[in-house]
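I have placed the structure first, in the form of structure tokens, so that the comments after it can refer back to it.
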Amino acid sequence: MTTDTTAGGAAGTGSPGNGGLRVLHRVVMPVDRDQDILKLYLEGNIVRARDAGQDGPHGEHAPEPGSQPGAEPVPGAEPVPGAASGTGATAEFQPAEHWDGSDRDDEDDGPGGASDRRRVVVPAGRRVSFLTYFNAFPASYWRRWTRLEEVVLRVRVRGDAKILVYRSNSKGHSQRLESHEVHSAATEERLFTLPLKPFVDGGWYWFELVAGESPAVLERAEWCAETDTLPGRNGRGRTSIGITTYNRPDFCVEQLIALGRATEVLEVIDEIFVIDQGDRRVEDHPGFPDAAKALEGRLRVIDQGNLGGSGGFARAMDETVRAGTSDYVLLLDDDVVTEPEGILRAVTFGDLTRKPTIVGGHMFSLYDRSVLHAYGETLAPYRWFWGPAPHTFHGHDFGYHRMRETHWLHRRIDVDYNGWWMCLIPTEVIKDVGLSMPMFIKWDDAEYGVRARAAGHPTVSLPGVAVWHVPWHDKDDTIDWQAYFHERNRLVSALVHSPYDRGGNLLKESLFVSVKHALAMQYSAAELMLMAIEDVLRGPDHMHASIVTKMGEIRAFRKRFTDAKYEEDLEDFPAIRRSRPPRKGREAAPPKDRKGMIKAAVVGGIKQLKPVDAAAFRNPQALVPHIDLRWWKLSQFDSALVSAADGTGAAWYQRDPKRFRSLMQRTSALHGRLYKEWPRLSQEYRSAMGELTSPERWRETFEASRRSP
């Protein structure tokens, strides 16, 4: 159903409780001029003016969405008042410092330009689509998780315009639903009432705007709903924000500045807690006073010892619940750039869910900003290991692959948890299931999502809610100091939550990973894995007791290993030299199957029993780029230079037969003991969960961290 109103007509303001429509999801443009992310907001296709109608003046049918007719813009088009004429394809935007989040009515800055975040000018004869990540409406998620039965698309437009409304299904098939024309120099409003019933498995709503023989101006558009008559919670929720930071004052202050500019976002924020755990203090940054001033008293910096991400976010959870004013706490990493509109969307979605629900944001690459790295996260229960949700793919580039041609994006994706780079948690959930586990880093977000789900609180990773974050492929935290936390926290979370006897395949995988590290001369990582198992066997009391000091112990321990000592310049190492060339001039080939993998492990293991070529201690035998870092390759050498994942340096791996034998003996014994004692340990950790995650126990740890040197 389509309803016409003129500007200033009877449409609601979007405020709940006034008998009008509540805004769920506003159509917005990028904060800055970054062309790399434009396709996340807007898709522009050139069409002839006669193609703007369903049938042209000569009977030709309008092109399907996504077609590229390649026609010319209409010559001699008359400009709409307030819009400049021209032939720009889609959009140009003012930089962030010229945008304050308000809805202005001043003139646009050029063809296809936007003078604020809400307005788009479509030049004569052009067509733009809002089937994009940030501006299409993820109908299937609202259908599945909220109490809404229909949404209203409210579009305010002027000029010579045609509005076309579409939907897709879970297979990615598109269907045109409605259209309406506007021919007016004054802004007119159109309302489209759209049911959510057909979206049980997936699908989106979106609209497209076609300019006729003169430009069309989209003043604003939003997806709304009538919420006053819904049962349950109808008020507009409020959130606090918790940012955990460790020696990243530049990033953190920039994030605070961005939040201070997003004036409409500030209206739903009670407090912003910056949990500063480093020695390069955020408050010492020269930009901090201005950032704090813009936040108008909402900012509170809390200094505590380094308790990792879990300690920082547990503090933000606890402070939010104790304050008693917020409905949610939004957890944010310190090294992210936030799309501020996502905060409003997450809070609104949380307000309208059927039950208290964790609302997560997706992760784009901070370095390649059109690339979506994480769309949905799940745990494989038998392996007890995380990974992309079924039917999703890490590293999807919207710069090359549009939503209309990427069918898997049209399915609804259900998740087990959401990363804490951006995650909105209701205070009701925190009161019910407790704070984070004292894991320091790694697995705290996954464990919390699984724990919350077991208590009846699902997690939804909501499209259109996202941050830009440093991508995973520029790190390899499985072989640095974090190897300890990967192993310990995976084991602990499985002891508490795994539905399989002795964790399913977990112990077998853990043993194999430990052996791979030893074969690859990654002795520091292998030793840290054994340290983690030893601590798990000590029982749950070690987690709070060691969280303040463990990081220092691990750093000191790793200094004993050559594979953990990185130099920035390859010239700091001796020249590459081999006593004998590879057999028949062939380097080791990757195993093709399971049989080949076993053979490579046996051959590599036999080599570990042989003496080391003395020359390998004087000169590394090979230079192995990180992209080629494989255990079966490294097991062929007595020593090798291996570059770091971030490309900043290299370490000299050196084979140590005595160390290898010791590792094999101890890893076999510890994994055997873990297998034998699993039932007892599982019961101990499950029984201790209430105490480990309680605010009272955490407050003792917060205080201990302040006293710790």
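Each chain in the structure tokens gets a letter, A, B, ..., in the order shown, and its residues are numbered from 1; ligands are numbered from 1 in order too.
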So which residues touch Val415 in chain A within 6 Å, counting only C-alpha atoms, skipping near sequence neighbours fewer than 2 positions away, as an MDAnalysis selection string?
chainID A and resid 376:378 417
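The protein and nucleic acid residues lying at most 12 Å from Gly387 in chain A are His373, Ala374, Tyr375, Gly376, Glu377, Thr378, Leu379, Ala380, Pro381, Arg383, Trp384, Pro390, His391, Thr392, Phe393, His394, Val415, Asp416, Tyr417, Asn418, Gly419 and Ala446 of chain A, with only C-alpha atoms considered and sequence neighbours fewer than 3 positions away removed.
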Writer output for current selection, N, CA and C atoms, as an mmCIF file, in the first residue's frame:
data_model
loop_
_atom_site.group_PDB
_atom_site.id
_atom_site.type_symbol
_atom_site.label_atom_id
_atom_site.label_comp_id
_atom_site.auth_asym_id
_atom_site.auth_seq_id
_atom_site.Cartn_x
_atom_site.Cartn_y
_atom_site.Cartn_z
ATOM 1 N N HIS A 373 34.813 -8.917 6.450
ATOM 2 C CA HIS A 373 35.560 -10.065 6.945
ATOM 3 C C HIS A 373 34.702 -11.031 7.756
ATOM 4 N N ALA A 374 33.774 -10.542 8.503
ATOM 5 C CA ALA A 374 32.995 -11.420 9.373
ATOM 6 C C ALA A 374 31.517 -11.072 9.272
ATOM 7 N N TYR A 375 30.740 -11.975 8.693
ATOM 8 C CA TYR A 375 29.297 -11.767 8.542
ATOM 9 C C TYR A 375 28.511 -12.584 9.566
ATOM 10 N N GLY A 376 29.079 -13.673 10.012
ATOM 11 C CA GLY A 376 28.411 -14.499 11.011
ATOM 12 C C GLY A 376 29.391 -15.512 11.571
ATOM 13 N N GLU A 377 29.362 -15.717 12.889
ATOM 14 C CA GLU A 377 30.315 -16.607 13.541
ATOM 15 C C GLU A 377 29.584 -17.741 14.255
ATOM 16 N N THR A 378 30.095 -18.947 14.070
ATOM 17 C CA THR A 378 29.525 -20.107 14.756
ATOM 18 C C THR A 378 30.644 -20.957 15.353
ATOM 19 N N LEU A 379 30.255 -21.857 16.241
ATOM 20 C CA LEU A 379 31.167 -22.843 16.800
ATOM 21 C C LEU A 379 30.797 -24.221 16.260
ATOM 22 N N ALA A 380 31.775 -24.922 15.690
ATOM 23 C CA ALA A 380 31.556 -26.312 15.292
ATOM 24 C C ALA A 380 31.598 -27.151 16.566
ATOM 25 N N PRO A 381 30.486 -27.709 17.019
ATOM 26 C CA PRO A 381 30.448 -28.318 18.362
ATOM 27 C C PRO A 381 31.350 -29.539 18.537
ATOM 28 N N ARG A 383 34.218 -30.220 16.911
ATOM 29 C CA ARG A 383 35.613 -29.761 16.954
ATOM 30 C C ARG A 383 35.830 -28.750 18.080
ATOM 31 N N TRP A 384 34.771 -28.104 18.486
ATOM 32 C CA TRP A 384 34.800 -26.975 19.406
ATOM 33 C C TRP A 384 35.806 -25.931 18.908
ATOM 34 N N PRO A 390 27.735 -21.254 8.407
ATOM 35 C CA PRO A 390 27.452 -21.919 7.132
ATOM 36 C C PRO A 390 26.862 -20.944 6.121
ATOM 37 N N HIS A 391 27.280 -21.101 4.867
ATOM 38 C CA HIS A 391 26.795 -20.296 3.733
ATOM 39 C C HIS A 391 27.334 -18.869 3.750
ATOM 40 N N THR A 392 28.357 -18.591 4.561
ATOM 41 C CA THR A 392 28.999 -17.276 4.533
ATOM 42 C C THR A 392 30.467 -17.455 4.190
ATOM 43 N N PHE A 393 31.105 -16.349 3.835
ATOM 44 C CA PHE A 393 32.489 -16.403 3.407
ATOM 45 C C PHE A 393 33.233 -15.180 3.936
ATOM 46 N N HIS A 394 34.392 -15.444 4.550
ATOM 47 C CA HIS A 394 35.237 -14.336 4.980
ATOM 48 C C HIS A 394 35.816 -13.624 3.756
ATOM 49 N N VAL A 415 23.690 -17.150 14.121
ATOM 50 C CA VAL A 415 25.035 -17.235 14.678
ATOM 51 C C VAL A 415 24.998 -17.791 16.098
ATOM 52 N N ASP A 416 26.174 -18.212 16.568
ATOM 53 C CA ASP A 416 26.324 -18.642 17.953
ATOM 54 C C ASP A 416 26.810 -17.506 18.853
ATOM 55 N N TYR A 417 27.556 -16.586 18.260
ATOM 56 C CA TYR A 417 28.091 -15.463 19.043
ATOM 57 C C TYR A 417 28.488 -14.363 18.081
ATOM 58 N N ASN A 418 28.848 -13.209 18.630
ATOM 59 C CA ASN A 418 29.373 -12.109 17.829
ATOM 60 C C ASN A 418 30.649 -11.603 18.479
ATOM 61 N N GLY A 419 31.636 -11.301 17.653
ATOM 62 C CA GLY A 419 32.881 -10.771 18.189
ATOM 63 C C GLY A 419 32.659 -9.472 18.939
ATOM 64 N N ALA A 446 33.089 -15.683 22.370
ATOM 65 C CA ALA A 446 32.430 -16.923 21.952
ATOM 66 C C ALA A 446 31.791 -17.625 23.152
#
Please report, as CSV, each residue of range 360-417 of chain A lying at most 12 Å from range 340-356 of chain A, together with the nearest pair of atoms and the separation in Å rounded to one decimal; use only C-alpha atoms, and order rows by chain and ascending residue number.
residue,atom,partner,partner_atom,distance
A:Gly360,CA,A:Ala346,CA,7.6
A:Gly361,CA,A:Gly342,CA,7.8
A:His362,CA,A:Gly342,CA,10.0
A:Met363,CA,A:Gly342,CA,11.9
Selection above as a file: C-alpha atoms, as a short mmCIF file (atom, residue, chain, number, x, y, z; two decimals), in the first residue's frame:
data_model
loop_
_atom_site.label_atom_id
_atom_site.label_comp_id
_atom_site.auth_asym_id
_atom_site.auth_seq_id
_atom_site.Cartn_x
_atom_site.Cartn_y
_atom_site.Cartn_z
CA GLY A 360 26.25 -7.83 17.17
CA GLY A 361 27.86 -5.84 14.38
CA HIS A 362 29.79 -7.13 11.40
CA MET A 363 33.47 -6.48 10.76
#
Just the number, please: distance in Å from CA of Pro590 in chain A to CA of Trp631 in chain A, one decimal.
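About the pair CA of Pro590 in chain A and CA of Trp631 in chain A: they are 9.9 Å apart.
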Please provide as a list of chain:residue names all residues within 12 Å of Phe573 in chain A, with the sequence filter that same-chain residues fewer than 3 positions apart are discarded (counting only C-alpha atoms).
A:Lys565, A:Tyr566, A:Glu567, A:Glu568, A:Asp569, A:Leu570, A:Ile576, A:Arg577, A:Phe617, A:Arg618, A:Asn619, A:Pro620, A:Gln621, A:Ala622, A:Leu623, A:Ala640, A:Leu641, A:Val642, A:Gly649, A:Ala650, A:Ala651, A:Trp652, A:Tyr653
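Going from CA of Asp201 in chain A over to CA of Ile413 in chain A, you cover 8.9 Å.
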Apply DSSP to the backbone of this structure and, from range 515-695 of chain A, keep only the residues in helix (DSSP H, G or I); write these as a ChimeraX atom specification.
/A:515-519,523-538,542-546,550-558,562-564,570-572,583-585,594-608,614-617,626-628,631-634,657-692,695
Could those residues be written to a file, using C-alpha atoms, as a short mmCIF file (atom, residue, chain, number, x, y, z; two decimals), in the first residue's frame?
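Dumped to again05.cif:
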data_model
loop_
_atom_site.label_atom_id
_atom_site.label_comp_id
_atom_site.auth_asym_id
_atom_site.auth_seq_id
_atom_site.Cartn_x
_atom_site.Cartn_y
_atom_site.Cartn_z
CA VAL A 515 53.00 -31.82 17.25
CA LYS A 516 52.80 -29.50 14.21
CA HIS A 517 54.34 -26.64 16.19
CA ALA A 518 57.19 -28.90 17.29
CA LEU A 519 57.81 -30.19 13.75
CA TYR A 523 58.97 -24.36 20.14
CA SER A 524 57.71 -21.29 22.00
CA ALA A 525 54.13 -21.86 20.78
CA ALA A 526 54.32 -25.59 21.58
CA GLU A 527 55.58 -24.86 25.10
CA LEU A 528 52.84 -22.28 25.68
CA MET A 529 50.23 -24.86 24.71
CA LEU A 530 51.62 -27.23 27.35
CA MET A 531 51.67 -24.43 29.90
CA ALA A 532 47.99 -23.83 29.12
CA ILE A 533 47.09 -27.50 29.63
CA GLU A 534 48.96 -27.57 32.92
CA ASP A 535 46.99 -24.56 34.12
CA VAL A 536 43.68 -26.09 33.03
CA LEU A 537 44.53 -29.19 35.04
CA ARG A 538 45.05 -26.98 38.11
CA HIS A 542 43.82 -20.29 38.55
CA MET A 543 41.86 -18.06 36.13
CA HIS A 544 41.26 -15.08 38.41
CA ALA A 545 44.40 -15.75 40.44
CA SER A 546 46.71 -15.51 37.42
CA LYS A 550 50.15 -14.30 33.47
CA MET A 551 50.90 -11.89 30.65
CA GLY A 552 54.25 -10.93 32.19
CA GLU A 553 55.15 -14.59 32.80
CA ILE A 554 54.43 -15.47 29.19
CA ARG A 555 56.50 -12.61 27.77
CA ALA A 556 59.46 -13.50 29.98
CA PHE A 557 59.13 -17.19 29.07
CA ARG A 558 59.16 -16.55 25.31
CA THR A 562 64.86 -18.09 19.04
CA ASP A 563 61.60 -18.53 17.13
CA ALA A 564 60.11 -15.74 19.28
CA LEU A 570 66.92 -9.40 7.20
CA GLU A 571 70.47 -8.12 6.94
CA ASP A 572 70.77 -8.57 10.70
CA ARG A 583 66.98 -33.72 -3.51
CA LYS A 584 66.57 -33.65 -7.27
CA GLY A 585 66.14 -29.88 -6.99
CA ARG A 594 45.17 -37.48 4.71
CA LYS A 595 47.60 -40.25 3.74
CA GLY A 596 50.08 -37.66 2.48
CA MET A 597 49.67 -35.67 5.68
CA ILE A 598 50.53 -38.72 7.80
CA LYS A 599 53.52 -39.51 5.60
CA ALA A 600 54.82 -35.92 5.92
CA ALA A 601 54.46 -36.10 9.70
CA VAL A 602 56.35 -39.41 9.86
CA VAL A 603 59.16 -38.17 7.61
CA GLY A 604 59.40 -34.94 9.58
CA GLY A 605 59.40 -36.86 12.84
CA ILE A 606 62.23 -39.14 11.71
CA LYS A 607 64.29 -36.08 10.78
CA GLN A 608 63.88 -34.76 14.32
CA ALA A 614 76.26 -27.67 12.48
CA ALA A 615 76.30 -25.20 9.58
CA ALA A 616 72.58 -24.52 10.18
CA PHE A 617 73.49 -22.73 13.41
CA HIS A 626 54.85 -16.06 6.12
CA ILE A 627 52.44 -16.91 3.33
CA ASP A 628 54.34 -20.22 2.93
CA TRP A 631 54.64 -27.27 9.26
CA TRP A 632 55.40 -29.85 6.54
CA LYS A 633 57.65 -27.31 4.79
CA LEU A 634 59.54 -26.15 7.86
CA PRO A 657 66.14 -32.54 18.71
CA LYS A 658 66.36 -32.57 22.50
CA ARG A 659 63.58 -30.00 22.80
CA PHE A 660 61.48 -31.93 20.27
CA ARG A 661 61.75 -35.19 22.22
CA SER A 662 60.86 -33.42 25.45
CA LEU A 663 57.84 -31.79 23.84
CA MET A 664 56.59 -35.09 22.41
CA GLN A 665 56.88 -36.83 25.77
CA ARG A 666 55.16 -34.07 27.70
CA THR A 667 52.42 -33.33 25.18
CA SER A 668 51.50 -37.04 25.05
CA ALA A 669 51.42 -37.26 28.83
CA LEU A 670 49.44 -34.06 29.34
CA HIS A 671 46.86 -34.84 26.67
CA GLY A 672 46.47 -38.34 28.13
CA ARG A 673 45.95 -36.89 31.58
CA LEU A 674 43.49 -34.34 30.24
CA TYR A 675 41.51 -37.11 28.54
CA LYS A 676 41.42 -39.15 31.75
CA GLU A 677 40.47 -36.27 34.04
CA TRP A 678 38.02 -34.54 31.67
CA PRO A 679 34.80 -35.60 33.49
CA ARG A 680 36.11 -34.35 36.83
CA LEU A 681 37.46 -31.12 35.41
CA SER A 682 34.24 -30.46 33.50
CA GLN A 683 32.24 -30.70 36.69
CA GLU A 684 34.66 -28.41 38.54
CA TYR A 685 34.63 -25.69 35.89
CA ARG A 686 30.86 -25.82 35.48
CA SER A 687 30.35 -25.57 39.22
CA ALA A 688 32.70 -22.59 39.41
CA MET A 689 31.08 -20.59 36.59
CA GLY A 690 28.85 -18.55 38.88
CA GLU A 691 31.79 -17.45 40.99
CA LEU A 692 34.18 -16.89 38.05
CA PRO A 695 30.63 -9.03 39.73
#
Top pick for closest residue to Asp290 in chain A, considering A:Gly203, A:Pro499, A:Pro138, A:Gly260 and counting only C-alpha atoms:
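Distance minimum relative to Asp290 in chain A lands on A:Gly260.
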So that I can check the surroundings of Leu38 in chain A, please list as a list in words every protein, DNA and RNA residue that reaches within 9 Å of it, counting only C-alpha atoms and ignoring chain neighbours fewer than 3 positions away.
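Listed by chain and then number, they are Met29, Pro30, Arg33, Asp34, Gln35, Tyr41, Leu42, Glu43, Ala91, Ser370 and Gly399 of chain A.
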From the list A:Pro463, A:Glu264, A:Asp368, A:Ile479, the nearest residue to Ala644 in chain A using only C-alpha atoms is A:Ile479
